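*Asks:* Quick one, data.cif (mmCIF, C-alpha atoms):
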```
data_my_file
#
loop_
_atom_site.group_PDB
_atom_site.id
_atom_site.type_symbol
_atom_site.label_atom_id
_atom_site.label_comp_id
_atom_site.auth_asym_id
_atom_site.auth_seq_id
_atom_site.Cartn_x
_atom_site.Cartn_y
_atom_site.Cartn_z
ATOM 1 C CA MET A 1 32.683 161.715 -20.179
ATOM 2 C CA ALA A 2 33.188 158.366 -18.446
ATOM 3 C CA ASP A 3 36.559 157.238 -17.074
ATOM 4 C CA LEU A 4 36.726 154.258 -19.441
ATOM 5 C CA VAL A 5 37.032 155.106 -23.135
ATOM 6 C CA LEU A 6 36.783 152.728 -26.087
ATOM 7 C CA LYS A 7 37.911 154.077 -29.427
ATOM 8 C CA ALA A 8 35.557 153.135 -32.259
ATOM 9 C CA ASN A 9 34.732 154.008 -35.846
ATOM 10 C CA ASN A 10 31.528 154.328 -37.763
ATOM 11 C CA ARG A 11 30.817 151.050 -39.532
ATOM 12 C CA GLU A 12 29.647 150.870 -43.114
ATOM 13 C CA ALA A 13 30.150 147.121 -43.474
ATOM 14 C CA THR A 14 26.885 145.211 -43.051
ATOM 15 C CA GLY A 15 25.837 141.778 -44.158
ATOM 16 C CA LYS A 16 27.345 138.425 -43.240
ATOM 17 C CA ASN A 17 30.292 138.388 -45.648
ATOM 18 C CA LYS A 18 31.472 141.924 -44.899
ATOM 19 C CA VAL A 19 31.076 141.450 -41.170
ATOM 20 C CA ASN A 20 33.062 138.211 -41.306
ATOM 21 C CA LYS A 21 35.891 140.100 -43.005
ATOM 22 C CA LEU A 22 35.893 142.560 -40.123
ATOM 23 C CA ARG A 23 36.208 139.735 -37.620
ATOM 24 C CA ALA A 24 39.070 138.237 -39.619
ATOM 25 C CA GLU A 25 40.858 141.560 -39.086
ATOM 26 C CA GLU A 26 40.188 141.285 -35.309
ATOM 27 C CA LEU A 27 37.536 143.994 -35.453
ATOM 28 C CA ILE A 28 34.175 143.615 -33.724
ATOM 29 C CA PRO A 29 30.925 144.922 -35.217
ATOM 30 C CA GLY A 30 28.641 146.689 -32.774
ATOM 31 C CA VAL A 31 25.360 148.602 -32.640
ATOM 32 C CA ILE A 32 24.361 151.524 -30.400
ATOM 33 C CA TYR A 33 20.693 151.615 -29.480
ATOM 34 C CA ALA A 34 19.139 154.883 -28.323
ATOM 35 C CA LYS A 35 15.505 155.603 -27.557
ATOM 36 C CA GLY A 36 13.955 157.744 -30.282
ATOM 37 C CA GLU A 37 17.071 157.626 -32.470
ATOM 38 C CA ASP A 38 18.279 155.512 -35.363
ATOM 39 C CA ASN A 39 20.637 152.698 -34.503
ATOM 40 C CA LEU A 40 24.310 153.494 -35.057
ATOM 41 C CA ASN A 41 26.689 150.855 -36.444
ATOM 42 C CA VAL A 42 30.236 150.931 -35.090
ATOM 43 C CA GLN A 43 33.401 148.828 -35.102
ATOM 44 C CA PHE A 44 36.383 148.570 -32.743
ATOM 45 C CA THR A 45 39.322 146.299 -32.023
ATOM 46 C CA SER A 46 38.811 143.055 -30.172
ATOM 47 C CA ARG A 47 41.825 143.676 -27.930
ATOM 48 C CA GLU A 48 40.608 147.085 -26.708
ATOM 49 C CA PHE A 49 37.057 145.867 -26.154
ATOM 50 C CA ASP A 50 38.300 142.928 -24.082
ATOM 51 C CA LYS A 51 40.195 145.323 -21.795
ATOM 52 C CA ILE A 52 37.149 147.543 -21.354
ATOM 53 C CA LEU A 53 34.806 144.620 -20.709
ATOM 54 C CA ARG A 54 37.064 143.247 -17.972
ATOM 55 C CA GLN A 55 37.000 146.618 -16.192
ATOM 56 C CA ALA A 56 33.440 147.757 -16.838
ATOM 57 C CA GLY A 57 31.346 144.630 -17.132
ATOM 58 C CA THR A 58 27.737 145.419 -18.030
ATOM 59 C CA SER A 59 26.959 147.858 -15.221
ATOM 60 C CA THR A 60 29.542 150.619 -15.713
ATOM 61 C CA ILE A 61 29.106 153.542 -18.077
ATOM 62 C CA ILE A 62 31.852 153.849 -20.686
ATOM 63 C CA THR A 63 32.514 156.392 -23.404
ATOM 64 C CA LEU A 64 32.689 155.400 -27.044
ATOM 65 C CA ASP A 65 35.016 157.729 -28.925
ATOM 66 C CA ILE A 66 33.495 157.384 -32.395
ATOM 67 C CA ASP A 67 35.781 159.120 -34.860
ATOM 68 C CA GLY A 68 36.342 161.892 -32.326
ATOM 69 C CA GLU A 69 32.718 162.174 -31.133
ATOM 70 C CA ASP A 70 32.015 160.941 -27.600
ATOM 71 C CA LYS A 71 28.922 158.966 -26.638
ATOM 72 C CA ASP A 72 28.263 157.517 -23.182
ATOM 73 C CA VAL A 73 26.948 153.970 -23.298
ATOM 74 C CA LEU A 74 26.518 150.738 -21.374
ATOM 75 C CA ILE A 75 27.603 147.366 -22.728
ATOM 76 C CA LYS A 76 24.138 145.885 -22.959
ATOM 77 C CA ASP A 77 24.998 142.498 -24.445
ATOM 78 C CA TYR A 78 27.736 140.726 -26.361
ATOM 79 C CA GLN A 79 28.084 137.494 -28.292
ATOM 80 C CA THR A 80 31.067 135.173 -28.400
ATOM 81 C CA HIS A 81 31.976 132.325 -30.727
ATOM 82 C CA PRO A 82 30.817 128.931 -29.376
ATOM 83 C CA TYR A 83 34.325 127.465 -29.374
ATOM 84 C CA LYS A 84 36.776 130.109 -30.626
ATOM 85 C CA ASN A 85 38.161 132.820 -28.365
ATOM 86 C CA GLN A 86 36.398 135.504 -30.396
ATOM 87 C CA TYR A 87 33.801 138.248 -29.865
ATOM 88 C CA LEU A 88 31.143 138.236 -32.577
ATOM 89 C CA HIS A 89 28.977 141.255 -31.835
ATOM 90 C CA VAL A 90 28.286 143.876 -29.162
ATOM 91 C CA ASP A 91 25.118 145.804 -28.316
ATOM 92 C CA PHE A 92 25.464 149.152 -26.574
ATOM 93 C CA GLN A 93 22.757 151.229 -24.933
ATOM 94 C CA ALA A 94 23.115 154.991 -25.181
ATOM 95 C CA ILE A 95 22.867 156.893 -21.901
ATOM 96 C CA ARG A 96 20.954 160.094 -21.191
ATOM 97 C CA ALA A 97 21.705 161.734 -17.848
ATOM 98 C CA GLY A 98 18.079 162.419 -16.863
ATOM 99 C CA GLU A 99 16.574 159.199 -18.185
ATOM 100 C CA SER A 100 16.188 156.043 -16.078
ATOM 101 C CA ILE A 101 17.799 152.919 -17.405
ATOM 102 C CA ARG A 102 17.449 149.213 -16.708
ATOM 103 C CA VAL A 103 20.698 147.433 -15.857
ATOM 104 C CA SER A 104 21.753 143.926 -14.868
ATOM 105 C CA VAL A 105 24.030 144.144 -11.814
ATOM 106 C CA PRO A 106 26.282 141.334 -10.528
ATOM 107 C CA ILE A 107 25.481 139.986 -7.043
ATOM 108 C CA VAL A 108 28.401 139.661 -4.621
ATOM 109 C CA LEU A 109 28.231 137.452 -1.525
ATOM 110 C CA ILE A 110 30.223 139.286 1.165
ATOM 111 C CA GLY A 111 32.080 136.900 3.494
ATOM 112 C CA ARG A 112 31.864 133.904 1.193
ATOM 113 C CA ASP A 113 35.586 133.106 1.458
ATOM 114 C CA ASP A 114 35.463 133.192 5.265
ATOM 115 C CA LEU A 115 32.763 130.550 5.704
ATOM 116 C CA ALA A 116 34.105 127.605 7.690
ATOM 117 C CA ILE A 117 31.036 125.484 8.353
ATOM 118 C CA GLU A 118 31.666 121.767 7.968
ATOM 119 C CA GLN A 119 29.181 119.440 6.288
ATOM 120 C CA ALA A 120 27.509 122.347 4.494
ATOM 121 C CA VAL A 121 27.350 123.704 0.956
ATOM 122 C CA LEU A 122 26.545 127.244 -0.154
ATOM 123 C CA VAL A 123 24.047 127.324 -3.018
ATOM 124 C CA GLN A 124 23.769 130.562 -5.022
ATOM 125 C CA ASN A 125 20.504 130.851 -6.943
ATOM 126 C CA MET A 126 21.036 134.309 -8.450
ATOM 127 C CA ASP A 127 24.238 135.718 -9.970
ATOM 128 C CA THR A 128 22.793 139.014 -11.226
ATOM 129 C CA ILE A 129 19.784 141.195 -10.553
ATOM 130 C CA ASP A 130 17.985 143.756 -12.731
ATOM 131 C CA VAL A 131 17.569 147.282 -11.410
ATOM 132 C CA GLU A 132 16.217 150.539 -12.788
ATOM 133 C CA CYS A 133 17.610 153.955 -11.924
ATOM 134 C CA LEU A 134 19.177 157.108 -13.288
ATOM 135 C CA PRO A 135 22.634 156.573 -14.798
ATOM 136 C CA LYS A 136 24.376 158.383 -11.911
ATOM 137 C CA HIS A 137 22.892 155.904 -9.420
ATOM 138 C CA ILE A 138 23.849 152.686 -11.215
ATOM 139 C CA PRO A 139 25.503 150.402 -8.622
ATOM 140 C CA GLN A 140 28.643 148.498 -9.520
ATOM 141 C CA THR A 141 27.448 145.471 -7.550
ATOM 142 C CA ALA A 142 24.551 144.329 -5.389
ATOM 143 C CA ASP A 143 26.043 143.007 -2.137
ATOM 144 C CA VAL A 144 24.616 140.653 0.469
ATOM 145 C CA ASP A 145 26.371 139.823 3.760
ATOM 146 C CA ILE A 146 26.569 136.097 4.543
ATOM 147 C CA THR A 147 29.199 136.174 7.304
ATOM 148 C CA GLU A 148 26.672 135.037 9.926
ATOM 149 C CA ILE A 149 24.772 132.538 7.773
ATOM 150 C CA GLN A 150 24.040 129.151 9.374
ATOM 151 C CA ILE A 151 22.898 125.807 7.995
ATOM 152 C CA GLY A 152 19.271 126.141 6.922
ATOM 153 C CA ASP A 153 19.478 129.931 6.517
ATOM 154 C CA ASN A 154 18.996 131.808 3.258
ATOM 155 C CA ARG A 155 19.448 135.330 1.984
ATOM 156 C CA THR A 156 16.802 136.993 -0.151
ATOM 157 C CA VAL A 157 16.504 140.038 -2.400
ATOM 158 C CA ALA A 158 15.410 142.039 0.645
ATOM 159 C CA ASP A 159 18.874 141.457 2.157
ATOM 160 C CA LEU A 160 20.700 143.211 -0.697
ATOM 161 C CA ASP A 161 22.448 146.443 0.235
ATOM 162 C CA ILE A 162 20.720 148.263 -2.633
ATOM 163 C CA PHE A 163 17.206 147.056 -1.777
ATOM 164 C CA LYS A 164 16.400 150.010 0.497
ATOM 165 C CA ASP A 165 18.156 152.592 -1.684
ATOM 166 C CA GLU A 166 15.407 155.050 -2.659
ATOM 167 C CA ASN A 167 17.280 155.927 -5.857
ATOM 168 C CA ILE A 168 17.213 152.354 -7.128
ATOM 169 C CA THR A 169 14.264 150.159 -8.077
ATOM 170 C CA VAL A 170 15.074 146.475 -7.706
ATOM 171 C CA LEU A 171 13.156 144.500 -10.332
ATOM 172 C CA ALA A 172 12.614 141.299 -8.342
ATOM 173 C CA GLU A 173 10.378 140.040 -5.545
ATOM 174 C CA GLU A 174 11.842 140.777 -2.118
ATOM 175 C CA ASP A 175 11.406 137.170 -0.925
ATOM 176 C CA GLU A 176 13.211 135.645 -3.904
ATOM 177 C CA ILE A 177 16.107 133.556 -2.593
ATOM 178 C CA ILE A 178 19.613 134.629 -3.586
ATOM 179 C CA CYS A 179 21.546 131.944 -1.731
ATOM 180 C CA SER A 180 21.185 129.335 1.001
ATOM 181 C CA LEU A 181 23.429 127.235 3.201
ATOM 182 C CA GLN A 182 22.435 123.597 3.024
ATOM 183 C CA GLU A 183 23.563 120.586 4.990
ATOM 184 C CA VAL A 184 25.471 117.976 3.021
ATOM 185 C CA SER A 185 23.631 114.646 3.056
ATOM 186 C CA GLU A 186 25.996 111.785 3.859
ATOM 187 C CA GLU A 187 25.924 108.776 1.554
ATOM 188 C CA VAL A 188 25.442 105.577 3.546
ATOM 189 C CA ILE A 189 28.049 102.989 2.489
ATOM 190 C CA PRO A 190 27.211 99.454 3.623
ATOM 191 C CA GLU A 191 29.766 97.581 5.736
ATOM 192 C CA ASP A 192 31.628 94.552 4.313
ATOM 193 C CA ASP A 193 29.552 92.179 6.476
ATOM 194 C CA GLU A 194 26.337 93.672 5.096
ATOM 195 C CA LEU A 195 27.603 93.307 1.519
ATOM 196 C CA GLU A 196 28.518 89.659 2.141
ATOM 197 C CA ALA A 197 25.093 89.005 3.663
ATOM 198 C CA ALA A 198 23.384 90.624 0.690
ATOM 199 C CA ASP A 199 25.451 88.567 -1.758
ATOM 200 C CA ALA A 200 24.678 85.397 0.154
ATOM 201 C CA ALA A 201 20.968 86.155 0.043
ATOM 202 C CA ASP A 202 21.134 86.213 -3.750
ATOM 203 C CA VAL A 203 22.596 82.670 -3.933
ATOM 204 C CA PRO A 204 19.865 79.969 -4.221
ATOM 205 C CA THR A 205 19.841 77.115 -1.686
ATOM 206 C CA VAL A 206 20.105 73.431 -2.691
ATOM 207 C CA ASP A 207 16.367 72.944 -2.182
ATOM 208 C CA GLU A 208 15.591 75.962 -4.339
ATOM 209 C CA THR A 209 17.912 74.681 -7.067
ATOM 210 C CA GLU A 210 16.371 71.182 -7.074
ATOM 211 C CA GLU A 211 12.897 72.633 -7.017
ATOM 212 C CA GLY A 212 13.741 74.834 -9.969
ATOM 213 C CA GLU A 213 15.218 71.928 -11.908
ATOM 214 C CA ASP A 214 12.165 69.754 -11.178
ATOM 215 C CA GLY A 215 9.894 72.541 -12.367
ATOM 216 C CA GLU A 216 11.849 72.896 -15.592
ATOM 217 C CA ALA A 217 11.727 69.136 -16.130
ATOM 218 C CA GLU A 218 7.950 69.059 -15.648
ATOM 219 C CA GLU A 219 7.547 71.919 -18.125
ATOM 220 C CA SER A 220 9.724 70.104 -20.666
ATOM 221 C CA GLU A 221 7.643 66.940 -20.330
ATOM 222 C CA ALA A 222 4.445 68.943 -20.760
ATOM 223 C CA ASP A 223 5.851 70.532 -23.892
ATOM 224 C CA ALA A 224 6.828 67.087 -25.233
ATOM 225 C CA GLU A 225 3.264 65.865 -24.790
#
```
What's the structure tokens form of this structure?
*Replies:*
Amino acid sequence: MADLVLKANNREATGKNKVNKLRAEELIPGVIYAKGEDNLNVQFTSREFDKILRQAGTSTIITLDIDGEDKDVLIKDYQTHPYKNQYLHVDFQAIRAGESIRVSVPIVLIGRDDLAIEQAVLVQNMDTIDVECLPKHIPQTADVDITEIQIGDNRTVADLDIFKDENITVLAEEDEIICSLQEVSEEVIPEDDELEAADAADVPTVDETEEGEDGEAEESEADAE
């Protein structure tokens, strides 16, 4: 049994109208998927799920207490309302101790808050990474140390602390860039004298004005003929 427990009930309500009634009662509909087994519909309170999600994320095994029967699962996916503070649906993946599982793990940049390099910006290309392993080897995070990073440097998948762990298969190319430190390009702002010179260049001279007027007059006479 996992340390985090979410109390749930078997769910008989299916279909849009019935499910909407559940949500109105601050209950969330969910489904447990298990290889070789029928899907199991469950429901649980929004408040309790929110607490569990904040602690477990999507890479920590939790236990669903379904009417007194325990089932270890991962929060595989969840949907939220586009503008309301409301969970709409949750997918769980059942866990078997001896069966490998694919999990999305959050990437953590170690030393990020200590960077003090001026005229530089840290660009993070990847926030999570997929791994495959037995449930007991699921990492909470995938860490990469950037304390010594310099402008022009990057960190790749091969730099992750879990990359060389023989119990974990990282499902990404080792040279894929996780983050990089890039120099900030300075915007060139023209001086006041340059702006005045540019404005002056746009003003026609007397000769240009007279020439333009003469040209317009000639065109008008041609049109009259």
*Asks:* From (28.5, 134.3, 0.6), in the file's coordinates, out to 8 Å: which residues are reached, counting only C-alpha atoms? Answer as a ChimeraX atom specification.
*Replies:* /A:108-113,115,122,144-147,179
*Asks:* Take the PyMOL selection byres ((chain A and resi 131) around 6), run it mentally on this structure, and tell me the resulting residues as a PyMOL selection string.
*Replies:* chain A and resi 102-103+130+132+169-171
*Asks:* Grab all the atoms of range 54-64 of chain A that the file lists, wrap them in a box along x, y and z, add 4 Å per side, and give me centre plus edge lengths in Å (one decimal) as JSON.
*Replies:*
```
{"center_x": 32.0, "center_y": 149.8, "center_z": -21.1, "size_x": 18.1, "size_y": 21.1, "size_z": 19.8}
```
*Asks:* Using only C-alpha atoms for the distances, tell me which of A:Gly15, A:Gly30, A:Gly57, A:Pro82 is nearest to Thr141 in chain A.
*Replies:*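 Going through A:Gly15, A:Gly30, A:Gly57, A:Pro82 one by one, the smallest distance to Thr141 in chain A is for A:Gly57.
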*Asks:* Take CA of Met126 in chain A and CA of Ala34 in chain A and report the distance between them in Å, one decimal.
*Replies:*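 These two atoms are separated by 28.7 Å.
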*Asks:* Applied to this file, what does the PyMOL selection byres ((chain A and resi 92) around 9) return in terms of residues, put as number ranges by chain?
*Replies:* A: 30-34, 73-78, 90-91, 93-94
*Asks:* Using all atoms listed in the file, which of the listed residues (A:Val5, A:Cys133, A:Ile151, A:Leu160) sits closest to Gln55 in chain A?
*Replies:*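 Residue with the minimum atom-to-atom distance to Gln55 in chain A: A:Val5.
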*Asks:* Could you check how far CA of Tyr83 in chain A sits from CA of Glu48 in chain A, in Å to one decimal?
*Replies:*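 One can read the CA of Tyr83 in chain A to CA of Glu48 in chain A distance as 20.8 Å.
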*Asks:* Rank A:Pro139, A:Gln43, A:Tyr87, A:Glu118 by their smallest atom-to-atom distance to Asp65 in chain A, using only C-alpha atoms, and report the top residue only.
*Replies:*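 Nearest to Asp65 in chain A: A:Gln43.
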*Asks:* Can you tell me which residues surround Gly152 in chain A at a distance of at most 8 Å, considering all atoms listed in the file, apart from same-chain residues fewer than 5 positions away, and format the answer as a PyMOL selection string?
*Replies:* chain A and resi 180-183
*Asks:* Can you sort out range 20-37 of chain A so it carries N, CA and C atoms, written as a PDB file, in the coordinates of the input?
*Replies:*
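Writing done, so here's selection-v1.pdb:
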```pdb
ATOM      1  N   ASN A  20      32.064 139.260 -41.530  1.00  0.00           N
ATOM      2  CA  ASN A  20      33.062 138.211 -41.306  1.00  0.00           C
ATOM      3  C   ASN A  20      34.470 138.689 -41.643  1.00  0.00           C
ATOM      4  N   LYS A  21      34.583 139.543 -42.651  1.00  0.00           N
ATOM      5  CA  LYS A  21      35.891 140.100 -43.005  1.00  0.00           C
ATOM      6  C   LYS A  21      36.411 140.993 -41.883  1.00  0.00           C
ATOM      7  N   LEU A  22      35.501 141.733 -41.256  1.00  0.00           N
ATOM      8  CA  LEU A  22      35.893 142.560 -40.123  1.00  0.00           C
ATOM      9  C   LEU A  22      36.466 141.693 -39.003  1.00  0.00           C
ATOM     10  N   ARG A  23      35.767 140.623 -38.709  1.00  0.00           N
ATOM     11  CA  ARG A  23      36.208 139.735 -37.620  1.00  0.00           C
ATOM     12  C   ARG A  23      37.558 139.103 -37.934  1.00  0.00           C
ATOM     13  N   ALA A  24      37.779 138.809 -39.211  1.00  0.00           N
ATOM     14  CA  ALA A  24      39.070 138.237 -39.619  1.00  0.00           C
ATOM     15  C   ALA A  24      40.209 139.228 -39.373  1.00  0.00           C
ATOM     16  N   GLU A  25      39.872 140.517 -39.359  1.00  0.00           N
ATOM     17  CA  GLU A  25      40.858 141.560 -39.086  1.00  0.00           C
ATOM     18  C   GLU A  25      40.887 141.935 -37.602  1.00  0.00           C
ATOM     19  N   GLU A  26      40.259 141.085 -36.762  1.00  0.00           N
ATOM     20  CA  GLU A  26      40.188 141.285 -35.309  1.00  0.00           C
ATOM     21  C   GLU A  26      39.453 142.570 -34.945  1.00  0.00           C
ATOM     22  N   LEU A  27      38.445 142.891 -35.749  1.00  0.00           N
ATOM     23  CA  LEU A  27      37.536 143.994 -35.453  1.00  0.00           C
ATOM     24  C   LEU A  27      36.176 143.414 -35.077  1.00  0.00           C
ATOM     25  N   ILE A  28      35.482 144.083 -34.173  1.00  0.00           N
ATOM     26  CA  ILE A  28      34.175 143.615 -33.724  1.00  0.00           C
ATOM     27  C   ILE A  28      33.096 144.572 -34.228  1.00  0.00           C
ATOM     28  N   PRO A  29      32.056 144.067 -34.857  1.00  0.00           N
ATOM     29  CA  PRO A  29      30.925 144.922 -35.217  1.00  0.00           C
ATOM     30  C   PRO A  29      30.033 145.156 -34.000  1.00  0.00           C
ATOM     31  N   GLY A  30      29.522 146.366 -33.882  1.00  0.00           N
ATOM     32  CA  GLY A  30      28.641 146.689 -32.774  1.00  0.00           C
ATOM     33  C   GLY A  30      27.526 147.614 -33.209  1.00  0.00           C
ATOM     34  N   VAL A  31      26.495 147.719 -32.372  1.00  0.00           N
ATOM     35  CA  VAL A  31      25.360 148.602 -32.640  1.00  0.00           C
ATOM     36  C   VAL A  31      25.037 149.384 -31.369  1.00  0.00           C
ATOM     37  N   ILE A  32      24.793 150.682 -31.517  1.00  0.00           N
ATOM     38  CA  ILE A  32      24.361 151.524 -30.400  1.00  0.00           C
ATOM     39  C   ILE A  32      22.863 151.768 -30.532  1.00  0.00           C
ATOM     40  N   TYR A  33      22.133 151.390 -29.501  1.00  0.00           N
ATOM     41  CA  TYR A  33      20.693 151.615 -29.480  1.00  0.00           C
ATOM     42  C   TYR A  33      20.395 152.815 -28.596  1.00  0.00           C
ATOM     43  N   ALA A  34      19.531 153.703 -29.086  1.00  0.00           N
ATOM     44  CA  ALA A  34      19.139 154.883 -28.323  1.00  0.00           C
ATOM     45  C   ALA A  34      17.649 155.133 -28.552  1.00  0.00           C
ATOM     46  N   LYS A  35      16.944 155.383 -27.473  1.00  0.00           N
ATOM     47  CA  LYS A  35      15.505 155.603 -27.557  1.00  0.00           C
ATOM     48  C   LYS A  35      15.202 156.829 -28.418  1.00  0.00           C
ATOM     49  N   GLY A  36      14.356 156.634 -29.424  1.00  0.00           N
ATOM     50  CA  GLY A  36      13.955 157.744 -30.282  1.00  0.00           C
ATOM     51  C   GLY A  36      14.967 158.119 -31.342  1.00  0.00           C
ATOM     52  N   GLU A  37      16.042 157.329 -31.473  1.00  0.00           N
ATOM     53  CA  GLU A  37      17.071 157.626 -32.470  1.00  0.00           C
ATOM     54  C   GLU A  37      17.334 156.393 -33.326  1.00  0.00           C
TER      55      GLU A  37
END
```
